[in-house]
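**Q** One file: run.csv (CSV, C-alpha atoms).
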```csv
chain,number,residue,atom,x,y,z
J,289,MET,CA,-10.0,15.3,-23.9
J,290,SER,CA,-9.2,12.7,-21.2
J,291,SER,CA,-10.5,13.2,-17.7
J,292,SER,CA,-6.9,13.6,-16.4
J,293,GLU,CA,-5.8,16.1,-19.0
J,294,GLY,CA,-4.6,19.3,-17.4
J,295,LYS,CA,-5.4,18.1,-13.9
J,296,THR,CA,-2.6,18.4,-11.3
J,297,ILE,CA,-1.8,16.3,-8.3
J,298,THR,CA,0.9,17.3,-5.7
J,299,VAL,CA,3.0,14.6,-4.0
J,300,ILE,CA,4.6,15.7,-0.8
J,301,GLY,CA,7.7,13.7,0.1
J,302,SER,CA,10.1,12.3,-2.6
J,303,GLY,CA,11.1,9.0,-0.9
J,304,LEU,CA,10.2,5.5,-2.2
J,305,ILE,CA,6.4,5.9,-1.7
J,306,GLY,CA,6.3,9.5,-3.1
J,307,ARG,CA,8.2,8.4,-6.2
J,308,SER,CA,5.9,5.4,-6.6
J,309,TRP,CA,2.8,7.5,-6.3
J,310,ALA,CA,4.2,10.0,-8.9
J,311,MET,CA,4.8,7.1,-11.3
J,312,VAL,CA,1.3,5.8,-10.9
J,313,PHE,CA,-0.3,9.2,-11.3
J,314,ILE,CA,1.7,10.2,-14.4
J,315,SER,CA,0.9,6.8,-16.0
J,316,GLY,CA,-2.8,7.9,-15.8
J,317,GLY,CA,-2.0,11.2,-17.6
J,318,TYR,CA,-2.0,13.5,-14.6
J,319,ARG,CA,0.4,16.4,-14.1
J,320,VAL,CA,2.4,15.7,-10.9
J,321,LYS,CA,4.4,18.2,-8.8
J,322,ILE,CA,6.8,16.6,-6.4
J,323,TYR,CA,7.7,18.7,-3.3
J,324,ASP,CA,10.4,17.9,-0.7
J,325,ASN,CA,11.5,20.3,2.0
J,326,GLN,CA,15.1,19.0,1.6
J,327,PRO,CA,16.6,21.1,-1.2
J,328,GLY,CA,17.5,19.1,-4.3
J,329,GLN,CA,15.7,15.9,-3.1
J,330,ALA,CA,12.7,16.3,-5.4
J,331,ALA,CA,14.9,16.9,-8.4
J,332,ARG,CA,16.9,13.8,-7.5
J,333,ALA,CA,13.6,11.9,-7.2
J,334,ILE,CA,12.8,12.8,-10.8
J,335,GLN,CA,16.1,11.3,-12.0
J,336,GLU,CA,15.3,8.1,-10.2
J,337,VAL,CA,11.8,8.0,-11.7
J,338,ARG,CA,13.3,8.6,-15.2
J,339,LYS,CA,15.6,5.6,-14.8
J,340,GLN,CA,12.7,3.4,-13.5
J,341,LEU,CA,10.4,4.4,-16.3
J,342,GLU,CA,13.0,3.8,-19.0
J,343,ASP,CA,13.7,0.3,-17.5
J,344,LEU,CA,10.0,-0.5,-17.4
J,345,GLN,CA,9.6,0.6,-21.0
J,346,GLU,CA,12.4,-1.7,-22.1
J,347,GLU,CA,10.7,-4.6,-20.3
J,348,CYS,CA,7.3,-3.7,-21.9
J,349,MET,CA,5.9,-3.1,-18.4
J,350,LEU,CA,5.3,0.6,-18.5
J,351,ARG,CA,1.8,1.5,-17.4
J,352,GLY,CA,-0.5,3.9,-19.3
J,353,ASP,CA,-0.9,4.9,-22.9
J,354,GLN,CA,2.1,7.3,-23.1
J,355,SER,CA,5.8,6.7,-23.6
J,356,ALA,CA,8.3,7.1,-20.7
J,357,SER,CA,9.4,10.5,-22.1
J,358,GLU,CA,5.8,11.7,-22.5
J,359,GLN,CA,5.0,10.7,-18.9
J,360,LEU,CA,8.2,12.3,-17.6
J,361,ALA,CA,7.1,15.6,-19.2
J,362,LEU,CA,4.1,15.6,-16.8
J,363,LEU,CA,6.4,15.6,-13.8
J,364,SER,CA,8.0,18.6,-12.1
J,365,SER,CA,10.1,19.1,-8.9
J,366,HIS,CA,9.6,21.9,-6.4
J,367,ASN,CA,11.4,23.2,-3.2
J,368,ASP,CA,8.7,25.8,-2.6
J,369,LEU,CA,5.5,24.4,-1.0
J,370,CYS,CA,3.2,27.2,-2.2
J,371,GLN,CA,4.4,26.8,-5.8
J,372,ALA,CA,4.0,23.0,-5.6
J,373,LEU,CA,0.4,23.3,-4.4
J,374,GLU,CA,-0.7,25.8,-7.0
J,375,GLY,CA,-3.4,24.4,-9.3
J,376,ALA,CA,-3.6,21.0,-7.6
J,377,PHE,CA,-7.0,19.3,-6.9
J,378,PHE,CA,-5.5,16.4,-4.9
J,379,ILE,CA,-2.6,16.3,-2.4
J,380,GLN,CA,-0.9,13.0,-1.6
J,381,GLU,CA,1.3,13.2,1.5
J,382,CYS,CA,4.2,10.7,1.7
J,383,VAL,CA,6.5,11.9,4.5
J,384,PHE,CA,7.8,9.4,7.1
J,385,GLU,CA,5.5,7.6,9.6
J,386,GLU,CA,5.6,10.1,12.4
J,387,ILE,CA,2.4,11.7,13.6
J,388,GLU,CA,3.8,15.2,14.2
J,389,ALA,CA,5.5,15.4,10.9
J,390,LYS,CA,2.3,14.5,9.0
J,391,ARG,CA,0.2,16.9,11.1
J,392,SER,CA,2.6,19.7,10.4
J,393,VAL,CA,2.5,18.9,6.6
J,394,PHE,CA,-1.4,19.1,6.6
J,395,GLN,CA,-1.4,22.3,8.6
J,396,ALA,CA,1.0,24.0,6.2
J,397,VAL,CA,-0.9,22.6,3.1
J,398,GLU,CA,-4.3,23.7,4.3
J,399,SER,CA,-3.2,27.3,4.5
J,400,HIS,CA,-2.3,27.3,0.8
J,401,VAL,CA,-5.2,25.4,-0.9
J,402,GLY,CA,-8.9,26.0,-1.4
J,403,GLU,CA,-11.7,24.3,0.4
J,404,GLY,CA,-12.4,21.8,-2.4
J,405,VAL,CA,-8.9,20.3,-2.6
J,406,ILE,CA,-8.6,16.8,-1.2
J,407,LEU,CA,-6.0,16.1,1.4
J,408,SER,CA,-4.8,12.4,1.3
J,409,SER,CA,-2.2,10.6,3.5
J,410,SER,CA,-0.2,7.5,2.5
J,411,THR,CA,0.1,6.3,6.2
J,412,SER,CA,0.1,2.6,6.8
J,413,CYS,CA,-0.8,2.7,10.5
J,414,LEU,CA,-1.9,6.1,11.8
J,415,LEU,CA,-5.6,6.7,12.2
J,416,PRO,CA,-7.3,9.6,10.2
J,417,SER,CA,-8.7,11.1,13.4
J,418,ASN,CA,-5.1,11.4,14.7
J,419,ILE,CA,-3.4,12.6,11.5
J,420,PHE,CA,-6.0,15.2,10.6
J,421,SER,CA,-6.8,16.4,14.1
J,422,GLN,CA,-5.3,19.9,13.5
J,423,VAL,CA,-6.9,20.4,10.0
J,424,GLN,CA,-9.7,22.9,10.1
J,425,ASN,CA,-11.8,21.4,7.3
J,426,ARG,CA,-11.6,17.6,8.0
J,427,LYS,CA,-14.5,16.8,5.5
J,428,ARG,CA,-12.0,16.7,2.6
J,429,CYS,CA,-9.4,14.4,4.4
J,430,ILE,CA,-8.8,10.8,3.6
J,431,ILE,CA,-6.1,8.1,3.9
J,432,SER,CA,-5.1,6.4,0.6
J,433,HIS,CA,-2.8,3.6,1.8
J,434,PRO,CA,-0.8,1.9,-1.0
J,435,VAL,CA,0.9,-1.5,-0.8
J,436,ASN,CA,4.6,-1.7,-1.5
J,437,PRO,CA,5.5,-1.6,-4.4
J,438,PRO,CA,2.4,0.3,-5.6
J,439,TYR,CA,3.4,0.1,-9.3
J,440,TYR,CA,2.9,-3.7,-9.3
J,441,VAL,CA,0.6,-4.3,-6.3
J,442,ARG,CA,-2.4,-2.2,-7.1
J,443,LEU,CA,-4.4,-2.3,-3.9
J,444,VAL,CA,-5.1,1.1,-2.2
J,445,GLU,CA,-7.0,1.2,1.1
J,446,LEU,CA,-9.3,4.3,1.4
J,447,VAL,CA,-9.9,5.1,5.0
J,448,PRO,CA,-12.2,8.0,5.9
J,449,HIS,CA,-12.0,10.5,8.8
J,450,PRO,CA,-15.3,10.4,10.8
J,451,GLU,CA,-16.1,13.7,9.1
J,452,THR,CA,-15.0,12.8,5.5
J,453,LEU,CA,-17.7,13.6,2.9
J,454,ALA,CA,-19.0,10.7,0.8
J,455,GLU,CA,-18.1,12.7,-2.4
J,456,VAL,CA,-14.4,12.9,-1.2
J,457,MET,CA,-14.4,9.1,-0.9
J,458,ASP,CA,-16.1,8.8,-4.3
J,459,THR,CA,-13.7,11.2,-6.0
J,460,THR,CA,-10.6,9.4,-4.5
J,461,HIS,CA,-12.0,6.0,-5.5
J,462,ALA,CA,-12.6,7.3,-9.1
J,463,LEU,CA,-9.1,8.8,-9.2
J,464,MET,CA,-7.4,5.6,-8.0
J,465,THR,CA,-9.4,3.5,-10.5
J,466,ALA,CA,-8.6,5.9,-13.3
J,467,VAL,CA,-4.8,5.5,-12.7
J,468,GLY,CA,-5.1,1.7,-12.7
J,469,GLN,CA,-5.0,1.0,-9.0
J,470,ALA,CA,-7.5,-1.2,-7.2
J,471,PRO,CA,-9.1,0.9,-4.4
J,472,VAL,CA,-11.1,-0.6,-1.5
J,473,ARG,CA,-13.4,1.4,0.7
J,474,LEU,CA,-13.2,1.1,4.5
J,475,LYS,CA,-16.5,2.3,5.9
J,476,LYS,CA,-14.9,3.6,9.1
J,477,GLU,CA,-11.5,3.9,10.6
J,478,ILE,CA,-9.9,1.0,12.5
J,479,ASP,CA,-6.4,0.4,13.8
J,480,GLY,CA,-4.4,-1.4,11.2
J,481,PHE,CA,-7.0,-0.8,8.5
J,482,ALA,CA,-7.9,-4.1,6.7
J,483,LEU,CA,-4.7,-5.2,5.0
J,484,ASN,CA,-2.5,-5.1,8.1
J,485,ARG,CA,-5.2,-6.7,10.3
J,486,VAL,CA,-5.4,-9.7,7.9
J,487,GLN,CA,-1.6,-9.7,7.4
J,488,TYR,CA,-0.9,-9.6,11.2
J,489,ALA,CA,-3.3,-12.5,11.8
J,490,ILE,CA,-1.3,-14.6,9.3
J,491,ILE,CA,2.0,-13.5,10.8
J,492,ALA,CA,0.9,-14.3,14.3
J,493,GLU,CA,-0.2,-17.9,13.5
J,494,SER,CA,2.8,-18.5,11.3
J,495,TRP,CA,5.0,-17.3,14.2
J,496,ARG,CA,3.2,-19.5,16.8
J,497,LEU,CA,3.6,-22.6,14.5
J,498,VAL,CA,7.4,-22.0,14.1
J,499,LYS,CA,7.9,-21.1,17.8
J,500,ASP,CA,6.0,-24.2,18.9
J,501,GLY,CA,8.2,-26.5,16.8
J,502,VAL,CA,5.3,-27.5,14.4
J,503,ILE,CA,7.0,-26.3,11.2
J,504,SER,CA,10.2,-24.6,9.9
J,505,VAL,CA,10.5,-21.0,8.7
J,506,LYS,CA,11.2,-22.3,5.2
J,507,ASP,CA,8.1,-24.5,5.2
J,508,ILE,CA,5.6,-22.0,6.7
J,509,ASP,CA,6.6,-19.6,3.9
J,510,LEU,CA,5.9,-22.4,1.4
J,511,VAL,CA,2.5,-22.9,2.9
J,512,MET,CA,1.7,-19.4,1.7
J,513,SER,CA,3.7,-19.1,-1.5
J,514,GLU,CA,2.8,-22.5,-2.9
J,515,GLY,CA,-0.5,-22.9,-1.2
J,516,LEU,CA,-2.8,-20.1,0.0
J,517,GLY,CA,-1.0,-17.4,-1.9
J,518,MET,CA,-1.6,-19.2,-5.3
J,519,ARG,CA,-5.3,-18.9,-4.7
J,520,TYR,CA,-5.3,-15.5,-3.0
J,521,ALA,CA,-3.5,-13.8,-5.9
J,522,PHE,CA,-6.8,-14.1,-7.8
J,523,ILE,CA,-9.6,-14.7,-5.3
J,524,GLY,CA,-10.1,-13.7,-1.7
J,525,PRO,CA,-11.0,-15.7,1.4
J,526,MET,CA,-14.7,-15.1,1.1
J,527,GLU,CA,-14.9,-16.3,-2.5
J,528,THR,CA,-12.6,-19.2,-1.6
J,529,MET,CA,-15.2,-20.4,0.9
J,530,HIS,CA,-18.0,-19.8,-1.6
J,531,LEU,CA,-16.2,-22.0,-4.3
J,532,ASN,CA,-15.0,-24.7,-1.9
J,533,ALA,CA,-18.4,-26.3,-1.2
J,534,PRO,CA,-20.7,-27.7,-3.8
J,535,GLU,CA,-23.5,-25.2,-3.1
J,536,GLY,CA,-21.6,-22.1,-2.1
J,537,LEU,CA,-20.9,-20.2,1.1
J,538,GLU,CA,-23.9,-21.4,3.1
J,539,ASP,CA,-23.0,-25.0,2.4
J,540,TYR,CA,-19.4,-24.3,3.3
J,541,LEU,CA,-20.4,-23.0,6.7
J,542,GLN,CA,-22.7,-25.9,7.4
J,543,ARG,CA,-19.8,-28.3,6.6
J,544,TYR,CA,-16.9,-26.5,8.3
J,545,ARG,CA,-18.0,-24.0,10.9
J,546,GLU,CA,-17.5,-26.3,13.8
J,547,GLY,CA,-14.1,-27.4,12.6
J,548,MET,CA,-13.1,-23.7,12.0
J,549,LYS,CA,-14.2,-22.8,15.5
J,550,ARG,CA,-12.4,-25.7,17.1
J,551,VAL,CA,-9.1,-24.8,15.4
J,552,LEU,CA,-9.5,-21.0,16.0
J,553,ASN,CA,-10.2,-21.7,19.7
J,554,ALA,CA,-6.9,-23.6,19.9
J,555,PHE,CA,-4.9,-20.6,18.7
J,556,GLY,CA,-2.3,-19.3,21.3
J,557,PRO,CA,-2.0,-15.8,22.6
J,558,VAL,CA,-0.6,-12.9,20.7
J,559,PRO,CA,3.1,-13.5,20.3
J,560,GLU,CA,5.6,-11.1,21.9
J,561,PHE,CA,7.9,-11.2,18.8
J,562,SER,CA,10.9,-10.9,21.1
J,563,GLY,CA,13.2,-12.8,23.4
J,564,GLU,CA,14.6,-16.3,22.7
J,565,ALA,CA,11.9,-17.2,20.2
J,566,ALA,CA,12.7,-14.1,18.1
J,567,GLU,CA,16.4,-14.9,18.2
J,568,ARG,CA,15.8,-18.5,17.1
J,569,ILE,CA,13.4,-17.6,14.3
J,570,ASN,CA,15.7,-14.7,13.1
J,571,LYS,CA,18.7,-17.2,13.0
J,572,GLU,CA,16.7,-19.6,11.0
J,573,MET,CA,15.6,-16.9,8.5
J,574,CYS,CA,19.1,-15.6,8.1
J,575,GLU,CA,20.4,-19.1,7.3
J,576,LEU,CA,18.0,-19.0,4.4
J,577,ILE,CA,18.6,-15.4,3.4
J,578,PRO,CA,21.5,-13.6,5.1
J,579,ALA,CA,20.6,-10.1,6.4
J,580,ASP,CA,23.3,-8.3,4.5
J,581,GLN,CA,22.5,-5.7,1.8
J,582,GLN,CA,23.7,-7.8,-1.0
J,583,HIS,CA,21.4,-10.7,-0.3
J,584,LEU,CA,18.4,-8.6,0.8
J,585,SER,CA,18.7,-6.4,-2.3
J,586,ALA,CA,18.9,-9.4,-4.6
J,587,ARG,CA,15.7,-10.9,-3.0
J,588,ARG,CA,13.9,-7.6,-3.2
J,589,GLU,CA,14.7,-7.4,-6.9
J,590,ARG,CA,13.5,-11.0,-7.3
J,591,ARG,CA,10.3,-10.1,-5.5
J,592,ASP,CA,9.7,-7.1,-7.8
J,593,GLN,CA,10.4,-9.1,-10.9
J,594,LEU,CA,7.9,-11.8,-9.8
J,595,LEU,CA,5.3,-9.2,-8.9
J,596,MET,CA,5.8,-7.6,-12.3
J,597,GLY,CA,5.1,-10.9,-14.0
J,598,LEU,CA,2.1,-11.5,-11.8
J,599,ALA,CA,0.7,-8.0,-12.5
J,600,LYS,CA,1.1,-8.8,-16.2
J,601,LEU,CA,-0.7,-12.1,-15.8
J,602,LYS,CA,-3.6,-10.4,-13.8
J,603,LYS,CA,-4.1,-8.0,-16.7
```
Show me this structure written as structure tokens.

**A**
Amino acid sequence: MSSSEGKTITVIGSGLIGRSWAMVFISGGYRVKIYDNQPGQAARAIQEVRKQLEDLQEECMLRGDQSASEQLALLSSHNDLCQALEGAFFIQECVFEEIEAKRSVFQAVESHVGEGVILSSSTSCLLPSNIFSQVQNRKRCIISHPVNPPYYVRLVELVPHPETLAEVMDTTHALMTAVGQAPVRLKKEIDGFALNRVQYAIIAESWRLVKDGVISVKDIDLVMSEGLGMRYAFIGPMETMHLNAPEGLEDYLQRYREGMKRVLNAFGPVPEFSGEAAERINKEMCELIPADQQHLSARRERRDQLLMGLAKLKK
């Protein structure tokens, strides 16, 4: 008997992230109950998941050991919260990014589940101490922040509430690993978590370089996609430094610390991301990829196909 057999996870919210989590969890053999407070939404979500799984199976990119139909048999939709929560050991909240909406979900959920059930949020930017402030037992609360699209980009940031028990972090880490994700543990909460803090640092300097006339929008994106990104798809910035000097990290710092500090001290202030500069950069971006649904959808599909290929390669 596999560790997932007979175990149930409830996903609350049937939008893009909720459907993605459901696909990830059923790929690992878990039973998943999708709940949405909009009647009929959860049932429609299952039809969407069915289509995606069948497409993935055709492209030989379906995750897990079971067929698309076997995975779909693990999935059920619910309009009644109490029924959706029955028997679940783990709750993954995926409602929209609004603090009061998330707080009310966790208040409602807590009244229906036992003390040992883990309450997890998918938030990308709200702190655990804010989201879980009205939960009575905050020791079992955690943020499990996925990266879009989670089926191909496997990172999950695990962010504890100040009161979160170590065993809750361990159980969540083990679950995410079991379903094929790549969880990272943050030791304490911090605004932006880790991924967005690193992402925003890259965005800010890229924006400054374009705004100051150093480089074009097209070329700064190439700096990442054909340069840094090639490396960073397989090794991170710390290992990059370690490998980029003959004798490792200490050698790298000896050689480059002064140069790094000189360049970093020359960085400009945090951009406003508005006004004339934003208009100009947006115009340049839209000349490359027009901001209508046809062009954006085509580029998103291209992105997902490329991520699918990269995920296959990383296997």

**Q** Quick one, how far is atom CA of Lys427 of chain J from atom CA of Ala396 of chain J?

**A** 17.1 Å

**Q** Please determine the residues with any atom at most 7 Å from (-5.8, -4.1, -2.9) (coordinates as given in the file, with all atoms listed in the file counting) and report them as a PyMOL selection string.

**A** chain J and resi 442-445+470-472

**Q** Kindly save the residues from that selection, with C-alpha atoms included, as an mmCIF file, in the coordinates of the input.

**A**
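Now in result.cif:
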```
data_model
loop_
_atom_site.group_PDB
_atom_site.id
_atom_site.type_symbol
_atom_site.label_atom_id
_atom_site.label_comp_id
_atom_site.auth_asym_id
_atom_site.auth_seq_id
_atom_site.Cartn_x
_atom_site.Cartn_y
_atom_site.Cartn_z
ATOM 1 C CA ARG J 442 -2.400 -2.200 -7.100
ATOM 2 C CA LEU J 443 -4.400 -2.300 -3.900
ATOM 3 C CA VAL J 444 -5.100 1.100 -2.200
ATOM 4 C CA GLU J 445 -7.000 1.200 1.100
ATOM 5 C CA ALA J 470 -7.500 -1.200 -7.200
ATOM 6 C CA PRO J 471 -9.100 0.900 -4.400
ATOM 7 C CA VAL J 472 -11.100 -0.600 -1.500
#
```

**Q** Need to verify the contact set: Ile334 of chain J, 8 Å, only C-alpha atoms, exclusion of same-chain residues closer than 3 positions in sequence. Can you return it as a list of chain:residue names?

**A**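 Everything that qualifies: J:Arg307, J:Ala330, J:Ala331, J:Val337, J:Arg338, J:Leu363, J:Ser364, J:Ser365.
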
**Q** Just want the 10 Å neighbourhood of segment 483-499 of chain J, counted on all atoms listed in the file, with same-chain residues fewer than 5 positions away dropped. Output as a PDB file with C-alpha atoms, in the frame of the given file.

**A**
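To be explicit, this is the file written out as part-v4.pdb:
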```
ATOM      1  CA  SER J 412       0.100   2.600   6.800  1.00  0.00           C
ATOM      2  CA  CYS J 413      -0.800   2.700  10.500  1.00  0.00           C
ATOM      3  CA  HIS J 433      -2.800   3.600   1.800  1.00  0.00           C
ATOM      4  CA  VAL J 435       0.900  -1.500  -0.800  1.00  0.00           C
ATOM      5  CA  LEU J 443      -4.400  -2.300  -3.900  1.00  0.00           C
ATOM      6  CA  VAL J 444      -5.100   1.100  -2.200  1.00  0.00           C
ATOM      7  CA  GLU J 445      -7.000   1.200   1.100  1.00  0.00           C
ATOM      8  CA  ILE J 478      -9.900   1.000  12.500  1.00  0.00           C
ATOM      9  CA  SER J 504      10.200 -24.600   9.900  1.00  0.00           C
ATOM     10  CA  VAL J 505      10.500 -21.000   8.700  1.00  0.00           C
ATOM     11  CA  LYS J 506      11.200 -22.300   5.200  1.00  0.00           C
ATOM     12  CA  ASP J 507       8.100 -24.500   5.200  1.00  0.00           C
ATOM     13  CA  ILE J 508       5.600 -22.000   6.700  1.00  0.00           C
ATOM     14  CA  ASP J 509       6.600 -19.600   3.900  1.00  0.00           C
ATOM     15  CA  VAL J 511       2.500 -22.900   2.900  1.00  0.00           C
ATOM     16  CA  MET J 512       1.700 -19.400   1.700  1.00  0.00           C
ATOM     17  CA  PHE J 555      -4.900 -20.600  18.700  1.00  0.00           C
ATOM     18  CA  GLY J 556      -2.300 -19.300  21.300  1.00  0.00           C
ATOM     19  CA  PRO J 557      -2.000 -15.800  22.600  1.00  0.00           C
ATOM     20  CA  VAL J 558      -0.600 -12.900  20.700  1.00  0.00           C
ATOM     21  CA  PRO J 559       3.100 -13.500  20.300  1.00  0.00           C
ATOM     22  CA  GLU J 560       5.600 -11.100  21.900  1.00  0.00           C
ATOM     23  CA  PHE J 561       7.900 -11.200  18.800  1.00  0.00           C
ATOM     24  CA  GLU J 564      14.600 -16.300  22.700  1.00  0.00           C
ATOM     25  CA  ALA J 565      11.900 -17.200  20.200  1.00  0.00           C
ATOM     26  CA  ALA J 566      12.700 -14.100  18.100  1.00  0.00           C
ATOM     27  CA  ARG J 568      15.800 -18.500  17.100  1.00  0.00           C
ATOM     28  CA  ILE J 569      13.400 -17.600  14.300  1.00  0.00           C
TER      29      ILE J 569
END
```

**Q** Write out, as a tab-separated table, each residue of segment 364-456 of chain J that has an atom at most 8 Å from segment 317-323 of chain J, together with the closest pair of atoms and their distance in Å to one decimal, counting only C-alpha atoms, rows going by chain and rising number.

**A**
```
residue	atom	partner	partner_atom	distance
J:Ser364	CA	J:Lys321	CA	4.9
J:Ser365	CA	J:Ile322	CA	4.8
J:His366	CA	J:Tyr323	CA	4.8
J:Asn367	CA	J:Tyr323	CA	5.8
J:Asp368	CA	J:Tyr323	CA	7.2
J:Leu369	CA	J:Tyr323	CA	6.5
J:Ala372	CA	J:Lys321	CA	5.8
J:Leu373	CA	J:Lys321	CA	7.8
```

**Q** Store the residues of this selection in a file with C-alpha atoms, as a PDB file, keeping the file's coordinate frame.

**A**
```
ATOM      1  CA  SER J 364       8.000  18.600 -12.100  1.00  0.00           C
ATOM      2  CA  SER J 365      10.100  19.100  -8.900  1.00  0.00           C
ATOM      3  CA  HIS J 366       9.600  21.900  -6.400  1.00  0.00           C
ATOM      4  CA  ASN J 367      11.400  23.200  -3.200  1.00  0.00           C
ATOM      5  CA  ASP J 368       8.700  25.800  -2.600  1.00  0.00           C
ATOM      6  CA  LEU J 369       5.500  24.400  -1.000  1.00  0.00           C
ATOM      7  CA  ALA J 372       4.000  23.000  -5.600  1.00  0.00           C
ATOM      8  CA  LEU J 373       0.400  23.300  -4.400  1.00  0.00           C
TER       9      LEU J 373
END
```

**Q** So that I can see what lies close to Val456 of chain J, please list as an MDAnalysis selection string the residues with an atom at most 12 Å from it, counting only C-alpha atoms and leaving out residues fewer than 2 positions away in the same chain.

**A** chainID J and resid 377:378 403:408 426:432 446:449 451:454 458:463 473

**Q** Would you please work out which residue, of J:Leu598, J:Gly301, J:Ile379, J:Asn570, is nearest to Phe522 of chain J when using only C-alpha atoms?

**A** J:Leu598

**Q** Would you work out the distance separating atom CA of Glu455 of chain J from atom CA of Gly468 of chain J, expressed in Å to one decimal?

**A**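 If I compute the distance from atom CA of Glu455 of chain J to atom CA of Gly468 of chain J, I get 19.9 Å.
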
**Q** Rounded to one decimal in Å, what is the spacing between atom CA of Ala389 of chain J and atom CA of Gly303 of chain J?

**A**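 The value is 14.5 Å.
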
**Q** Find, counting only C-alpha atoms, the residue in J:Thr298, J:Gln424, J:Asp343, J:Ser409 that gets nearest to Gln371 of chain J.

**A**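 Smallest distance to Gln371 of chain J is found for J:Thr298.
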
**Q** Pick from J:Gln354, J:Leu601, J:Ser410, J:Leu595: nearest to Glu385 of chain J, with all atoms listed in the file counted?

**A**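 Nearest to Glu385 of chain J: J:Ser410.
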